[in-house]
>>> print(open('data.txt').read())   # compact mmCIF, C-alpha atoms
# COMPACT_ATOMS: atom_id res chain seq x y z
CA MET A 267 4.18 -16.22 1.35
CA PRO A 268 4.60 -12.85 3.05
CA TYR A 269 4.82 -9.52 1.28
CA VAL A 270 6.88 -6.73 2.82
CA ASN A 271 6.99 -3.13 1.61
CA ILE A 272 9.80 -0.89 2.89
CA GLN A 273 9.43 2.83 2.26
CA ILE A 274 12.44 5.08 2.75
CA THR A 275 13.61 8.42 1.40
CA ARG A 276 15.69 8.30 -1.78
CA GLU A 277 19.09 9.28 -0.43
CA GLY A 278 21.80 7.17 -1.98
CA VAL A 279 20.96 3.69 -0.72
CA THR A 280 23.34 1.29 -2.48
CA PRO A 281 22.43 -2.02 -4.15
CA GLU A 282 24.41 -3.78 -1.41
CA GLN A 283 22.34 -2.12 1.31
CA LYS A 284 19.14 -3.06 -0.52
CA ALA A 285 20.33 -6.67 -0.71
CA GLU A 286 21.01 -6.57 3.04
CA LEU A 287 17.50 -5.27 3.74
CA ILE A 288 15.96 -7.99 1.55
CA ALA A 289 18.02 -10.75 3.19
CA GLY A 290 17.40 -9.38 6.69
CA VAL A 291 13.63 -9.11 6.38
CA THR A 292 13.34 -12.52 4.73
CA ASN A 293 15.40 -14.17 7.48
CA LEU A 294 13.37 -12.41 10.15
CA LEU A 295 10.11 -13.82 8.76
CA LYS A 296 11.68 -17.26 8.52
CA ASN A 297 13.03 -17.17 12.09
CA VAL A 298 10.00 -15.64 13.80
CA LEU A 299 7.14 -17.18 11.82
CA GLY A 300 8.69 -20.04 9.87
CA LYS A 301 7.83 -18.38 6.54
CA ASN A 302 9.38 -19.87 3.41
CA PRO A 303 12.01 -17.53 1.88
CA ALA A 304 11.22 -18.87 -1.62
CA THR A 305 7.86 -17.10 -1.58
CA THR A 306 8.69 -14.06 0.55
CA VAL A 307 8.46 -10.89 -1.55
CA VAL A 308 10.17 -7.67 -0.43
CA VAL A 309 9.58 -4.39 -2.29
CA ILE A 310 11.63 -1.29 -1.45
CA ASP A 311 10.15 2.09 -2.35
CA GLU A 312 12.57 5.00 -2.47
CA VAL A 313 10.61 8.22 -2.10
CA GLU A 314 11.89 11.66 -3.18
CA THR A 315 12.50 13.86 -0.15
CA ASP A 316 9.98 16.45 -1.46
CA ASN A 317 7.34 13.71 -1.32
CA TRP A 318 8.04 12.58 2.25
CA GLY A 319 6.37 14.50 5.05
CA ILE A 320 6.97 14.37 8.79
CA GLY A 321 5.98 16.86 11.46
CA GLY A 322 3.69 18.58 8.96
CA MET A 323 6.45 19.52 6.49
CA PRO A 324 8.73 17.95 3.86
CA VAL A 325 11.48 15.91 5.51
CA LEU A 326 14.39 18.20 4.53
CA ALA A 327 12.62 21.23 6.00
CA TYR A 328 11.87 19.18 9.11
CA ARG A 329 15.50 18.21 9.57
CA ALA A 330 16.62 21.79 9.07
CA ALA A 331 14.12 22.98 11.69
CA GLN A 332 15.31 20.33 14.13
CA ALA A 333 18.98 21.19 13.59
CA LEU A 334 18.19 24.87 14.19
CA ARG A 335 16.30 24.06 17.37
CA GLU A 336 19.15 21.93 18.68
CA SER A 337 21.77 24.55 17.84
CA LYS A 338 19.80 27.03 19.95
CA SER A 339 19.36 24.81 22.98
CA MET B 240 -15.35 1.94 -6.57
CA PRO B 241 -12.50 -0.56 -6.25
CA TYR B 242 -8.84 0.33 -6.11
CA VAL B 243 -6.27 -2.10 -7.53
CA ASN B 244 -2.50 -1.80 -7.19
CA ILE B 245 -0.32 -3.96 -9.45
CA GLN B 246 3.37 -4.17 -8.54
CA ILE B 247 5.79 -5.61 -11.08
CA THR B 248 9.49 -5.28 -11.85
CA ARG B 249 10.44 -2.49 -14.27
CA GLU B 250 11.48 -4.48 -17.30
CA GLY B 251 10.18 -2.88 -20.46
CA VAL B 252 6.42 -3.17 -20.05
CA THR B 253 4.87 -1.25 -22.96
CA PRO B 254 2.01 1.27 -22.78
CA GLU B 255 -0.11 -1.24 -24.71
CA GLN B 256 0.52 -3.94 -22.13
CA LYS B 257 -0.32 -1.51 -19.33
CA ALA B 258 -3.59 -0.64 -21.09
CA GLU B 259 -4.36 -4.37 -21.35
CA LEU B 260 -3.75 -4.85 -17.62
CA ILE B 261 -5.98 -1.89 -16.78
CA ALA B 262 -8.79 -3.11 -19.07
CA GLY B 263 -8.45 -6.70 -17.85
CA VAL B 264 -8.59 -5.94 -14.15
CA THR B 265 -11.47 -3.51 -14.59
CA ASN B 266 -13.49 -6.07 -16.58
CA LEU B 267 -12.75 -8.76 -14.02
CA LEU B 268 -14.16 -6.62 -11.20
CA LYS B 269 -17.21 -5.81 -13.33
CA ASN B 270 -17.85 -9.45 -14.25
CA VAL B 271 -17.21 -11.02 -10.84
CA LEU B 272 -18.55 -8.35 -8.49
CA GLY B 273 -20.60 -6.01 -10.69
CA LYS B 274 -18.26 -3.08 -9.94
CA ASN B 275 -18.69 0.06 -12.04
CA PRO B 276 -15.71 0.60 -14.40
CA ALA B 277 -16.22 4.39 -14.22
CA THR B 278 -14.97 4.42 -10.62
CA THR B 279 -12.49 1.55 -10.72
CA VAL B 280 -8.95 2.85 -10.21
CA VAL B 281 -5.92 0.78 -11.26
CA VAL B 282 -2.39 1.87 -10.35
CA ILE B 283 0.63 0.04 -11.78
CA ASP B 284 3.92 0.33 -9.86
CA GLU B 285 7.04 -0.59 -11.80
CA VAL B 286 9.79 -1.42 -9.32
CA GLU B 287 13.53 -1.37 -10.12
CA THR B 288 14.94 -4.90 -10.06
CA ASP B 289 17.43 -3.90 -7.32
CA ASN B 290 14.44 -3.00 -5.15
CA TRP B 291 12.52 -6.27 -5.63
CA GLY B 292 13.45 -9.17 -3.38
CA ILE B 293 12.43 -12.81 -3.59
CA GLY B 294 14.02 -15.84 -1.93
CA GLY B 295 16.02 -13.52 0.30
CA MET B 296 17.89 -11.75 -2.49
CA PRO B 297 17.36 -9.18 -5.27
CA VAL B 298 15.34 -10.68 -8.11
CA LEU B 299 18.15 -10.68 -10.71
CA ALA B 300 20.46 -12.56 -8.32
CA TYR B 301 17.61 -14.96 -7.59
CA ARG B 302 17.02 -15.68 -11.26
CA ALA B 303 20.74 -16.21 -11.85
CA ALA B 304 20.90 -18.65 -8.92
CA GLN B 305 17.89 -20.55 -10.25
CA ALA B 306 19.33 -20.74 -13.78
CA LEU B 307 22.58 -22.08 -12.36
CA ARG B 308 20.75 -24.69 -10.31
CA GLU B 309 18.75 -25.83 -13.30
CA SER B 310 21.81 -26.02 -15.55
CA LYS B 311 23.41 -28.35 -13.00
CA SER B 312 20.47 -30.69 -12.62
CA MET C 133 6.74 -12.40 -9.13
CA PRO C 134 4.03 -9.75 -9.19
CA TYR C 135 2.06 -8.54 -6.19
CA VAL C 136 -1.51 -7.35 -6.64
CA ASN C 137 -3.63 -5.65 -4.00
CA ILE C 138 -7.39 -5.41 -4.60
CA GLN C 139 -9.32 -3.06 -2.31
CA ILE C 140 -13.11 -3.29 -2.25
CA THR C 141 -15.87 -2.48 0.21
CA ARG C 142 -16.85 -5.29 2.59
CA GLU C 143 -20.28 -6.19 1.28
CA GLY C 144 -20.74 -9.93 1.24
CA VAL C 145 -18.15 -11.05 -1.28
CA THR C 146 -18.16 -14.88 -1.22
CA PRO C 147 -15.11 -17.17 -1.05
CA GLU C 148 -16.00 -18.31 -4.59
CA GLN C 149 -15.92 -14.73 -5.88
CA LYS C 150 -12.58 -14.15 -4.16
CA ALA C 151 -11.20 -17.29 -5.80
CA GLU C 152 -12.42 -15.98 -9.18
CA LEU C 153 -10.67 -12.64 -8.61
CA ILE C 154 -7.43 -14.40 -7.64
CA ALA C 155 -7.55 -16.72 -10.66
CA GLY C 156 -8.53 -13.90 -13.02
CA VAL C 157 -5.78 -11.49 -11.98
CA THR C 158 -3.14 -14.24 -12.01
CA ASN C 159 -4.16 -15.35 -15.51
CA LEU C 160 -4.16 -11.75 -16.73
CA LEU C 161 -0.56 -11.25 -15.58
CA LYS C 162 0.43 -14.54 -17.19
CA ASN C 163 -1.26 -13.74 -20.49
CA VAL C 164 -0.19 -10.09 -20.82
CA LEU C 165 3.29 -10.17 -19.26
CA GLY C 166 4.21 -13.85 -19.08
CA LYS C 167 4.40 -13.75 -15.28
CA ASN C 168 4.68 -17.08 -13.45
CA PRO C 169 1.47 -17.90 -11.50
CA ALA C 170 3.51 -19.82 -8.91
CA THR C 171 4.98 -16.58 -7.58
CA THR C 172 2.08 -14.19 -8.23
CA VAL C 173 0.63 -12.95 -4.94
CA VAL C 174 -2.88 -11.46 -4.77
CA VAL C 175 -4.17 -9.82 -1.59
CA ILE C 176 -7.81 -8.75 -1.28
CA ASP C 177 -8.62 -6.05 1.28
CA GLU C 178 -12.28 -5.76 2.26
CA VAL C 179 -12.87 -2.31 3.72
CA GLU C 180 -15.80 -1.38 5.99
CA THR C 181 -18.15 0.99 4.18
CA ASP C 182 -17.64 3.64 6.92
CA ASN C 183 -13.95 3.60 6.04
CA TRP C 184 -14.38 4.04 2.27
CA GLY C 185 -14.78 7.55 0.96
CA ILE C 186 -15.78 8.76 -2.49
CA GLY C 187 -17.05 12.17 -3.56
CA GLY C 188 -15.97 13.59 -0.21
CA MET C 189 -18.21 11.37 1.91
CA PRO C 190 -18.53 7.76 3.14
CA VAL C 191 -19.62 5.48 0.31
CA LEU C 192 -23.11 4.68 1.69
CA ALA C 193 -23.91 8.39 2.06
CA TYR C 194 -22.58 8.93 -1.46
CA ARG C 195 -24.81 6.24 -2.93
CA ALA C 196 -27.84 7.62 -1.07
CA ALA C 197 -27.11 11.11 -2.41
CA GLN C 198 -26.77 9.75 -5.95
CA ALA C 199 -30.03 7.78 -5.70
CA LEU C 200 -31.82 10.89 -4.46
CA ARG C 201 -30.41 12.98 -7.32
CA GLU C 202 -31.49 10.41 -9.88
CA SER C 203 -35.00 10.09 -8.44
CA LYS C 204 -35.41 13.85 -8.83
CA SER C 205 -34.22 14.06 -12.42
CA MET D 95 1.56 8.06 14.67
CA PRO D 96 -0.56 7.92 11.52
CA TYR D 97 0.73 7.06 8.08
CA VAL D 98 -0.91 8.63 5.03
CA ASN D 99 -0.23 7.70 1.42
CA ILE D 100 -1.44 10.07 -1.31
CA GLN D 101 -1.39 8.71 -4.88
CA ILE D 102 -1.81 11.15 -7.76
CA THR D 103 -0.82 11.28 -11.41
CA ARG D 104 2.60 12.80 -12.15
CA GLU D 105 1.58 16.05 -13.82
CA GLY D 106 3.74 18.89 -12.62
CA VAL D 107 2.88 19.11 -8.94
CA THR D 108 5.26 21.67 -7.43
CA PRO D 109 7.26 21.30 -4.20
CA GLU D 110 5.07 24.06 -2.74
CA GLN D 111 1.90 22.11 -3.51
CA LYS D 112 3.42 18.99 -1.98
CA ALA D 113 4.28 20.95 1.17
CA GLU D 114 0.66 22.17 1.30
CA LEU D 115 -0.66 18.61 1.02
CA ILE D 116 1.69 17.43 3.79
CA ALA D 117 0.73 20.31 6.09
CA GLY D 118 -2.98 19.96 5.31
CA VAL D 119 -3.22 16.23 5.98
CA THR D 120 -1.13 16.49 9.14
CA ASN D 121 -3.34 19.29 10.50
CA LEU D 122 -6.48 17.36 9.61
CA LEU D 123 -5.33 14.37 11.64
CA LYS D 124 -4.41 16.63 14.53
CA ASN D 125 -7.74 18.47 14.48
CA VAL D 126 -10.04 15.48 13.98
CA LEU D 127 -8.24 12.77 15.97
CA GLY D 128 -5.71 14.62 18.11
CA LYS D 129 -2.78 12.89 16.37
CA ASN D 130 0.70 14.22 17.08
CA PRO D 131 2.21 15.94 14.00
CA ALA D 132 5.73 14.95 15.12
CA THR D 133 5.02 11.30 14.28
CA THR D 134 2.60 11.72 11.38
CA VAL D 135 4.18 10.42 8.17
CA VAL D 136 2.84 11.49 4.74
CA VAL D 137 4.12 9.86 1.55
CA ILE D 138 3.12 11.23 -1.86
CA ASP D 139 3.32 8.86 -4.84
CA GLU D 140 3.33 10.48 -8.26
CA VAL D 141 2.26 7.90 -10.83
CA GLU D 142 3.01 8.13 -14.57
CA THR D 143 -0.22 8.69 -16.52
CA ASP D 144 0.38 5.45 -18.50
CA ASN D 145 0.29 3.60 -15.20
CA TRP D 146 -2.97 5.09 -13.90
CA GLY D 147 -6.20 3.49 -15.03
CA ILE D 148 -9.77 4.69 -14.63
CA GLY D 149 -12.89 3.59 -16.51
CA GLY D 150 -10.98 0.60 -17.85
CA MET D 151 -8.32 2.63 -19.71
CA PRO D 152 -5.23 4.76 -19.06
CA VAL D 153 -6.20 8.13 -17.63
CA LEU D 154 -5.19 10.23 -20.67
CA ALA D 155 -7.29 8.04 -22.99
CA TYR D 156 -10.14 8.30 -20.48
CA ARG D 157 -9.98 12.10 -20.42
CA ALA D 158 -9.86 12.25 -24.23
CA ALA D 159 -12.92 9.98 -24.45
CA GLN D 160 -14.78 12.16 -21.94
CA ALA D 161 -13.88 15.37 -23.78
CA LEU D 162 -15.12 13.84 -27.05
CA ARG D 163 -18.38 12.74 -25.44
CA GLU D 164 -18.97 16.19 -23.98
CA SER D 165 -18.20 17.95 -27.26
CA LYS D 166 -20.88 15.83 -28.94
CA SER D 167 -23.62 16.42 -26.39
CA MET E 184 11.61 7.89 9.23
CA PRO E 185 10.94 4.65 7.36
CA TYR E 186 7.57 2.99 7.02
CA VAL E 187 7.37 -0.78 6.74
CA ASN E 188 4.27 -2.80 5.94
CA ILE E 189 4.33 -6.55 6.58
CA GLN E 190 1.49 -8.59 5.07
CA ILE E 191 0.98 -12.16 6.25
CA THR E 192 -1.91 -14.60 6.44
CA ARG E 193 -3.97 -14.49 9.65
CA GLU E 194 -2.99 -17.77 11.25
CA GLY E 195 -2.47 -17.34 14.95
CA VAL E 196 0.50 -14.99 15.10
CA THR E 197 0.98 -14.11 18.79
CA PRO E 198 1.54 -10.62 20.23
CA GLU E 199 5.06 -11.76 21.17
CA GLN E 200 5.85 -12.73 17.59
CA LYS E 201 4.49 -9.39 16.35
CA ALA E 202 6.72 -7.59 18.85
CA GLU E 203 9.69 -9.61 17.53
CA LEU E 204 8.88 -8.63 13.94
CA ILE E 205 8.60 -4.96 14.91
CA ALA E 206 11.89 -5.01 16.85
CA GLY E 207 13.66 -6.99 14.14
CA VAL E 208 12.66 -4.75 11.23
CA THR E 209 13.41 -1.59 13.20
CA ASN E 210 16.88 -2.85 14.15
CA LEU E 211 17.58 -3.90 10.57
CA LEU E 212 16.84 -0.39 9.30
CA LYS E 213 19.02 1.08 12.03
CA ASN E 214 21.92 -1.26 11.34
CA VAL E 215 21.86 -1.14 7.54
CA LEU E 216 20.79 2.46 6.89
CA GLY E 217 21.26 4.25 10.21
CA LYS E 218 17.53 5.00 10.46
CA ASN E 219 16.25 6.35 13.77
CA PRO E 220 14.05 3.77 15.58
CA ALA E 221 12.04 6.60 17.20
CA THR E 222 10.44 7.45 13.85
CA THR E 223 10.38 4.00 12.23
CA VAL E 224 6.78 2.86 11.76
CA VAL E 225 5.94 -0.83 11.25
CA VAL E 226 2.42 -1.93 10.34
CA ILE E 227 1.50 -5.63 10.26
CA ASP E 228 -1.51 -6.65 8.16
CA GLU E 229 -2.98 -10.04 8.91
CA VAL E 230 -4.98 -11.19 5.89
CA GLU E 231 -7.72 -13.84 5.97
CA THR E 232 -6.60 -16.97 4.09
CA ASP E 233 -9.60 -16.65 1.72
CA ASN E 234 -8.24 -13.24 0.73
CA TRP E 235 -4.67 -14.36 0.02
CA GLY E 236 -3.94 -15.80 -3.41
CA ILE E 237 -0.85 -17.60 -4.68
CA GLY E 238 -0.44 -19.77 -7.75
CA GLY E 239 -3.80 -18.54 -9.03
CA MET E 240 -5.86 -19.83 -6.09
CA PRO E 241 -6.59 -19.08 -2.41
CA VAL E 242 -3.63 -20.04 -0.25
CA LEU E 243 -5.33 -22.97 1.54
CA ALA E 244 -6.32 -24.54 -1.78
CA TYR E 245 -2.78 -23.96 -3.00
CA ARG E 246 -1.25 -25.71 0.00
CA ALA E 247 -3.66 -28.64 -0.36
CA ALA E 248 -2.74 -28.97 -4.05
CA GLN E 249 0.96 -28.90 -3.20
CA ALA E 250 0.59 -31.51 -0.46
CA LEU E 251 -1.30 -33.78 -2.87
CA ARG E 252 1.37 -33.36 -5.53
CA GLU E 253 4.12 -34.17 -3.06
CA SER E 254 2.31 -37.23 -1.71
CA LYS E 255 2.12 -38.56 -5.27
CA SER E 256 5.76 -38.02 -6.15
CA MET F 73 -8.70 10.70 -9.56
CA PRO F 74 -6.48 10.55 -6.48
CA TYR F 75 -6.35 7.67 -4.06
CA VAL F 76 -5.56 8.34 -0.41
CA ASN F 77 -4.88 5.70 2.24
CA ILE F 78 -4.97 6.76 5.90
CA GLN F 79 -3.56 4.28 8.42
CA ILE F 80 -4.28 4.81 12.10
CA THR F 81 -4.49 2.64 15.20
CA ARG F 82 -7.91 1.15 15.96
CA GLU F 83 -8.88 3.11 19.05
CA GLY F 84 -12.51 4.09 18.89
CA VAL F 85 -12.62 6.43 15.91
CA THR F 86 -16.30 7.26 15.31
CA PRO F 87 -18.13 7.22 11.96
CA GLU F 88 -18.45 11.01 12.29
CA GLN F 89 -14.68 11.41 12.63
CA LYS F 90 -14.13 9.14 9.64
CA ALA F 91 -16.54 11.25 7.60
CA GLU F 92 -14.58 14.35 8.65
CA LEU F 93 -11.30 12.78 7.54
CA ILE F 94 -12.82 11.79 4.17
CA ALA F 95 -14.28 15.27 3.60
CA GLY F 96 -11.12 17.01 4.76
CA VAL F 97 -8.71 15.06 2.56
CA THR F 98 -10.99 15.34 -0.47
CA ASN F 99 -11.30 19.13 -0.03
CA LEU F 100 -7.55 19.45 0.41
CA LEU F 101 -6.90 17.71 -2.91
CA LYS F 102 -9.51 19.89 -4.58
CA ASN F 103 -8.12 23.12 -3.15
CA VAL F 104 -4.40 22.42 -3.65
CA LEU F 105 -4.43 20.45 -6.91
CA GLY F 106 -7.87 21.01 -8.41
CA LYS F 107 -8.72 17.30 -8.15
CA ASN F 108 -12.33 16.28 -8.77
CA PRO F 109 -14.03 15.06 -5.55
CA ALA F 110 -16.28 12.73 -7.57
CA THR F 111 -13.32 10.47 -8.34
CA THR F 112 -11.25 10.95 -5.19
CA VAL F 113 -11.08 7.71 -3.22
CA VAL F 114 -10.15 7.70 0.48
CA VAL F 115 -9.56 4.43 2.35
CA ILE F 116 -9.08 4.41 6.13
CA ASP F 117 -7.25 1.44 7.64
CA GLU F 118 -7.69 0.94 11.37
CA VAL F 119 -4.83 -1.19 12.65
CA GLU F 120 -4.89 -3.18 15.91
CA THR F 121 -2.45 -1.69 18.43
CA ASP F 122 -0.55 -5.00 18.64
CA ASN F 123 0.11 -4.67 14.91
CA TRP F 124 1.44 -1.10 15.00
CA GLY F 125 5.09 -0.60 15.81
CA ILE F 126 7.00 2.57 16.62
CA GLY F 127 10.37 3.00 18.28
CA GLY F 128 11.03 -0.72 17.81
CA MET F 129 8.06 -1.93 19.90
CA PRO F 130 4.25 -2.21 19.76
CA VAL F 131 2.64 1.21 20.17
CA LEU F 132 1.08 0.56 23.60
CA ALA F 133 4.44 -0.56 25.02
CA TYR F 134 6.01 2.51 23.43
CA ARG F 135 3.51 4.88 25.04
CA ALA F 136 3.99 3.19 28.43
CA ALA F 137 7.77 3.56 28.13
CA GLN F 138 7.41 7.22 27.21
CA ALA F 139 5.04 7.92 30.11
CA LEU F 140 7.48 6.23 32.50
CA ARG F 141 10.38 8.28 31.16
CA GLU F 142 8.43 11.51 31.51
CA SER F 143 7.29 10.69 35.07
CA LYS F 144 10.93 10.27 36.02
CA SER F 145 12.19 13.48 34.50
>>> encode(input="data.txt", output="structure tokens")
Amino acid sequence: MPYVNIQITREGVTPEQKAELIAGVTNLLKNVLGKNPATTVVVIDEVETDNWGIGGMPVLAYRAAQALRESKS
Amino acid sequence: MPYVNIQITREGVTPEQKAELIAGVTNLLKNVLGKNPATTVVVIDEVETDNWGIGGMPVLAYRAAQALRESKS
Amino acid sequence: MPYVNIQITREGVTPEQKAELIAGVTNLLKNVLGKNPATTVVVIDEVETDNWGIGGMPVLAYRAAQALRESKS
Amino acid sequence: MPYVNIQITREGVTPEQKAELIAGVTNLLKNVLGKNPATTVVVIDEVETDNWGIGGMPVLAYRAAQALRESKS
Amino acid sequence: MPYVNIQITREGVTPEQKAELIAGVTNLLKNVLGKNPATTVVVIDEVETDNWGIGGMPVLAYRAAQALRESKS
Amino acid sequence: MPYVNIQITREGVTPEQKAELIAGVTNLLKNVLGKNPATTVVVIDEVETDNWGIGGMPVLAYRAAQALRESKS
């Protein structure tokens, strides 16, 4: 009866990839804990990049800053 | 001061139905636990069917598989 | 297949009250949206009062401040 | 390594305001708990007003009722 | 930079099993979406059985009802 | 009417630090978005270190691996 919530940035994940995530997580819970797939719920949240923060800034700004830093090193 | 999060698939829930859910949950918390409606927050998340997994697959595939199984039995 | 998360302060809620919340929310989703109780998951989170903030302060401090304000009015 | 989820109504929050929220929360966790900004994740959920309940009704109805009450007092 | 929340009933999951869940989910996100393990956060919530509802009742009552039904069929 | 959920590892955070987090987040939402503190809810989840994964492993194993790597460099 587990519930799993996967939060990722909204960046073109395909329905096939979502199906793979759902199958993969459900199998993992079955294999590790013996949980019944029939009652395992998986919810994927796709979050706009403006709404996702890491390193104290929106994720696109963060990636740009990291790329700049690497190009200088 | 409770917080309630309701997650359902996005399949044409009307504003009237949402208002019923909000009123119903708020009353339930008032009746069972004496919680003050004025500070009871209810948030409804409508999730795309591609993003909702059950039985190890996206919910529409799961329903189709179940319908097939029942039609054969 | 809904998932509902109820967050309340940990203040002596009994198993019977929890069962009432679970039954009440499940019935509400059945009555309003036709959702199947067999796959409706309800998770209750009881949160320590130190960890629950409202009005910019922990909930017990908030209630004390409100009681004081009311006794003065 | 903290994770912070901010839920607000979807009412025209700008990318600049979102960046301020992300920076502010990340700094707060660094200043109060010494958490490393590089692994602090902030996710902002903007919720449709129909889907946000307070006082037992959708938030726009709630605000209208409050405005009416205040205009009468 | 994904965030994954796994909610299960608190029923004796070992630290080794938790480590397997964390590794498994992180690998899945790497393999399916190319997500960087270094910033993939996994949080496991173990929920008391009294606080977990399914089929309109607490999970232990639900399992007992199911076992009874099966013993009769 | 915002709701904020802060998830951190359970490692001796004091009630004073929690109060600081609650005040800080509530002020941030007031200053950036004009949100009313009276209806801003903040919930802090303290998560056991065994239950918190980063880099594909439980957080304490991750920190030990990082310390080892740094001592070698």
>>> residues_around(input="data.txt", residues="stretch 111-124 of chain F", least_positions_apart="2", cutoff="8 Å", atoms="only C-alpha atoms", output="PyMOL selection string")
(chain B and resi 240+278) or (chain C and resi 179+183-188) or (chain E and resi 198+201-202+224-228) or (chain F and resi 73-82+90+94+97-98+107-109+126+130-132)
>>> closest_residue(input="data.txt", among="D:Thr108, D:Ala117, D:Met151, D:Leu122", to="chain A", atoms="only C-alpha atoms")
D:Ala117
>>> atom_distance(input="data.txt", atom1="atom CA of B:Asn270", atom2="atom CA of C:Leu161")
17.4 Å
>>> atom_distance(input="data.txt", atom1="atom CA of D:Ala155", atom2="atom CA of D:Gln111")
25.7 Å
>>> atom_distance(input="data.txt", atom1="atom CA of B:Ala277", atom2="atom CA of B:Leu260")
15.9 Å
>>> build_atoms(input="data.txt", residues="stretch 112-130 of chain D", atoms="N, CA and C atoms", output="mmCIF file, keeping the file's coordinate frame")
data_model
loop_
_atom_site.group_PDB
_atom_site.id
_atom_site.type_symbol
_atom_site.label_atom_id
_atom_site.label_comp_id
_atom_site.auth_asym_id
_atom_site.auth_seq_id
_atom_site.Cartn_x
_atom_site.Cartn_y
_atom_site.Cartn_z
ATOM 1 N N LYS D 112 3.172 20.177 -2.813
ATOM 2 C CA LYS D 112 3.420 18.990 -1.980
ATOM 3 C C LYS D 112 3.490 19.380 -0.503
ATOM 4 N N ALA D 113 4.179 20.480 -0.220
ATOM 5 C CA ALA D 113 4.280 20.950 1.170
ATOM 6 C C ALA D 113 2.890 21.293 1.720
ATOM 7 N N GLU D 114 2.037 21.853 0.870
ATOM 8 C CA GLU D 114 0.660 22.170 1.300
ATOM 9 C C GLU D 114 -0.135 20.904 1.615
ATOM 10 N N LEU D 115 0.040 19.883 0.765
ATOM 11 C CA LEU D 115 -0.660 18.610 1.020
ATOM 12 C C LEU D 115 -0.190 18.009 2.349
ATOM 13 N N ILE D 116 1.124 18.002 2.554
ATOM 14 C CA ILE D 116 1.690 17.430 3.790
ATOM 15 C C ILE D 116 1.169 18.177 5.020
ATOM 16 N N ALA D 117 1.210 19.508 4.959
ATOM 17 C CA ALA D 117 0.730 20.310 6.090
ATOM 18 C C ALA D 117 -0.775 20.102 6.299
ATOM 19 N N GLY D 118 -1.530 20.071 5.207
ATOM 20 C CA GLY D 118 -2.980 19.960 5.310
ATOM 21 C C GLY D 118 -3.429 18.635 5.917
ATOM 22 N N VAL D 119 -2.833 17.544 5.451
ATOM 23 C CA VAL D 119 -3.220 16.230 5.980
ATOM 24 C C VAL D 119 -2.807 16.105 7.440
ATOM 25 N N THR D 120 -1.620 16.588 7.757
ATOM 26 C CA THR D 120 -1.130 16.490 9.140
ATOM 27 C C THR D 120 -2.025 17.291 10.090
ATOM 28 N N ASN D 121 -2.424 18.488 9.677
ATOM 29 C CA ASN D 121 -3.340 19.290 10.500
ATOM 30 C C ASN D 121 -4.696 18.625 10.650
ATOM 31 N N LEU D 122 -5.183 18.042 9.569
ATOM 32 C CA LEU D 122 -6.480 17.360 9.610
ATOM 33 C C LEU D 122 -6.466 16.257 10.671
ATOM 34 N N LEU D 123 -5.405 15.464 10.679
ATOM 35 C CA LEU D 123 -5.330 14.370 11.640
ATOM 36 C C LEU D 123 -5.167 14.879 13.073
ATOM 37 N N LYS D 124 -4.532 16.026 13.210
ATOM 38 C CA LYS D 124 -4.410 16.630 14.530
ATOM 39 C C LYS D 124 -5.769 17.170 15.005
ATOM 40 N N ASN D 125 -6.471 17.842 14.096
ATOM 41 C CA ASN D 125 -7.740 18.470 14.480
ATOM 42 C C ASN D 125 -8.849 17.449 14.719
ATOM 43 N N VAL D 126 -8.926 16.435 13.874
ATOM 44 C CA VAL D 126 -10.040 15.480 13.980
ATOM 45 C C VAL D 126 -9.760 14.403 15.026
ATOM 46 N N LEU D 127 -8.527 13.915 15.094
ATOM 47 C CA LEU D 127 -8.240 12.770 15.970
ATOM 48 C C LEU D 127 -7.218 13.069 17.066
ATOM 49 N N GLY D 128 -6.700 14.288 17.091
ATOM 50 C CA GLY D 128 -5.710 14.620 18.110
ATOM 51 C C GLY D 128 -4.352 13.973 17.898
ATOM 52 N N LYS D 129 -4.050 13.584 16.658
ATOM 53 C CA LYS D 129 -2.780 12.890 16.370
ATOM 54 C C LYS D 129 -1.620 13.889 16.419
ATOM 55 N N ASN D 130 -0.494 13.406 16.925
ATOM 56 C CA ASN D 130 0.700 14.220 17.080
ATOM 57 C C ASN D 130 1.415 14.439 15.735
#
